[in-house]
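J.: Got a structure for you, questions after.
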Amino acid sequence: MLDWFAFQTGATAFLIAFAAAIAFFSAFKFLYQMATPYSERELIRQGNTAAAIALGGALIGYVLPLASALSHTVSLAEFAAWALLAGVIQILAFIVVSRVLYKALAARIEAGETAAGVYLASISIGVGLLNAACMTA
């Protein structure tokens with residue numbers, strides 16, 4: 001038989017965690033797009049597949065450690081700290097790759113070169129996987 005009190009308690013915790021995760025996801029998306037030298041919104045509206053792939057990879061790369069933080073933390077404050085750290089690491093990875101290691105990357109994404117989008121998405125997802133694996137709090 002279903003324990004409604006236990007369900008209600010669990011459902012409330014779920015909704016709070018989900019809302020916090022969505023808030024961090026939205027904030028990350030906004031800040032990541034501010035860090036890029038191009039407008040993903042405009043490029044994607046114009047049909048630029050490279051920009052869509054690169055942004056999608058960054059979002060997946062952020063959600064991986066976000067999910068890890070959700071499953072490894074015991075408080076909302078601890079989750080928030082890990083979510084913030086994960087976002088900073090993901091944005092720093094973009095800056096290092098696009099402005100230090102591969103300076104033509106942004107121009108290639110703006111030009112719609114799919115290979116550049118896949119490359120950046122792969123870096124973002126790889127960083128996200130490592131980030132998630134390192135969260136063992």
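If you're wondering about the labels, chains in the structure tokens are A, B, ... by order shown, residues count from 1 in each chain, ligands from 1 in order shown.
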Compile the contact shell of Asn48 (chain A) as a PyMOL selection string: residues with an atom at most 6 Å away, counting only C-alpha atoms, same-chain residues fewer than 4 positions apart removed.
T.: chain A and resi 43-44+112
J.: For the residues selected in the previous step, produce a file with N, CA and C atoms as a tab-separated table (two decimals), in the first residue's frame.
T.:
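Wrote it out as out-v7.tsv, contents follow:
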```
chain	number	residue	atom	x	y	z
A	43	LEU	N	22.31	32.68	-34.80
A	43	LEU	CA	22.89	31.67	-35.69
A	43	LEU	C	21.95	30.48	-35.85
A	44	ILE	N	21.36	30.03	-34.76
A	44	ILE	CA	20.44	28.90	-34.83
A	44	ILE	C	19.19	29.28	-35.61
A	112	GLY	N	29.29	28.22	-39.87
A	112	GLY	CA	28.43	27.06	-40.02
A	112	GLY	C	29.16	25.76	-40.28
```
J.: I'd like the contact shell of region 78-88 of chain A - 6 Å cut-off, only C-alpha atoms, skipping same-chain residues fewer than 4 positions apart - returned as a PyMOL selection string.
T.: chain A and resi 66+69+73
J.: Mind checking which residues fall within 8 Å of Thr136 (chain A), counting only C-alpha atoms, ignoring those fewer than 2 positions away in the same chain, and posting them as an mmCIF file with N, CA and C atoms, in the first residue's frame?
T.:
```
data_model
loop_
_atom_site.group_PDB
_atom_site.id
_atom_site.type_symbol
_atom_site.label_atom_id
_atom_site.label_comp_id
_atom_site.auth_asym_id
_atom_site.auth_seq_id
_atom_site.Cartn_x
_atom_site.Cartn_y
_atom_site.Cartn_z
ATOM 1 N N HIS A 72 24.442 13.243 -5.472
ATOM 2 C CA HIS A 72 25.479 13.088 -4.456
ATOM 3 C C HIS A 72 25.403 14.082 -3.307
ATOM 4 N N ALA A 133 32.186 12.978 -12.838
ATOM 5 C CA ALA A 133 32.876 11.864 -12.192
ATOM 6 C C ALA A 133 33.664 12.324 -10.960
ATOM 7 N N CYS A 134 34.084 13.563 -10.977
ATOM 8 C CA CYS A 134 34.867 14.090 -9.849
ATOM 9 C C CYS A 134 33.992 14.495 -8.657
#
```
J.: When you look at Glu113 (chain A) with a cut-off of 8 Å (counting only C-alpha atoms), what residues show up, excluding the ones that are within fewer than 5 positions of it in the same chain? I need them as a PyMOL selection string.
T.: chain A and resi 49-50+108
J.: Got time to write the residues from that selection, C-alpha atoms, as an mmCIF file, in the first residue's frame?
T.:
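Listed below is the output, result-v4.cif:
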```cif
data_model
loop_
_atom_site.group_PDB
_atom_site.id
_atom_site.type_symbol
_atom_site.label_atom_id
_atom_site.label_comp_id
_atom_site.auth_asym_id
_atom_site.auth_seq_id
_atom_site.Cartn_x
_atom_site.Cartn_y
_atom_site.Cartn_z
ATOM 1 C CA THR A 49 23.869 23.603 -37.436
ATOM 2 C CA ALA A 50 27.366 24.092 -36.030
ATOM 3 C CA ARG A 108 34.309 28.425 -37.951
#
```
J.: Rank nothing, just name the residue among A:Ala35, A:Gly56, A:Glu40, A:Leu105 nearest to Leu92 (chain A), using only C-alpha atoms.
T.: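 Under the stated criterion, the closest residue is A:Ala35.
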J.: Using only C-alpha atoms, which residues sit within 12 Å of Ala51 (chain A) once same-chain residues fewer than 3 positions away are excluded, as a count of residues only?
T.: 36
J.: What lies within 12 Å of Ala19 (chain A) using only C-alpha atoms, ignoring chain neighbours under 5 positions off, as a VMD selection string?
T.: chain A and resid 12 to 14 24 to 26 70 76 80
J.: Can you tell me, as number ranges by chain, which residues in chain A count as alpha helix (DSSP H) by DSSP?
T.: A: 4-35, 40-45, 49-72, 76-96, 105-110, 114-134
J.: Determine, counting only C-alpha atoms, which protein, DNA and RNA residues have an atom within 9 Å of an atom of Ile89 (chain A); residues of the same chain fewer than 6 positions away are not included. Present the result as a list in words.
T.: Val127, Gly128 and Asn131 of chain A
J.: What separation in Å, quoted to one decimal, exists between CA of Gly10 (chain A) and CA of Pro65 (chain A)?
T.: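 That distance, rounded to one decimal, is 22.2 Å.
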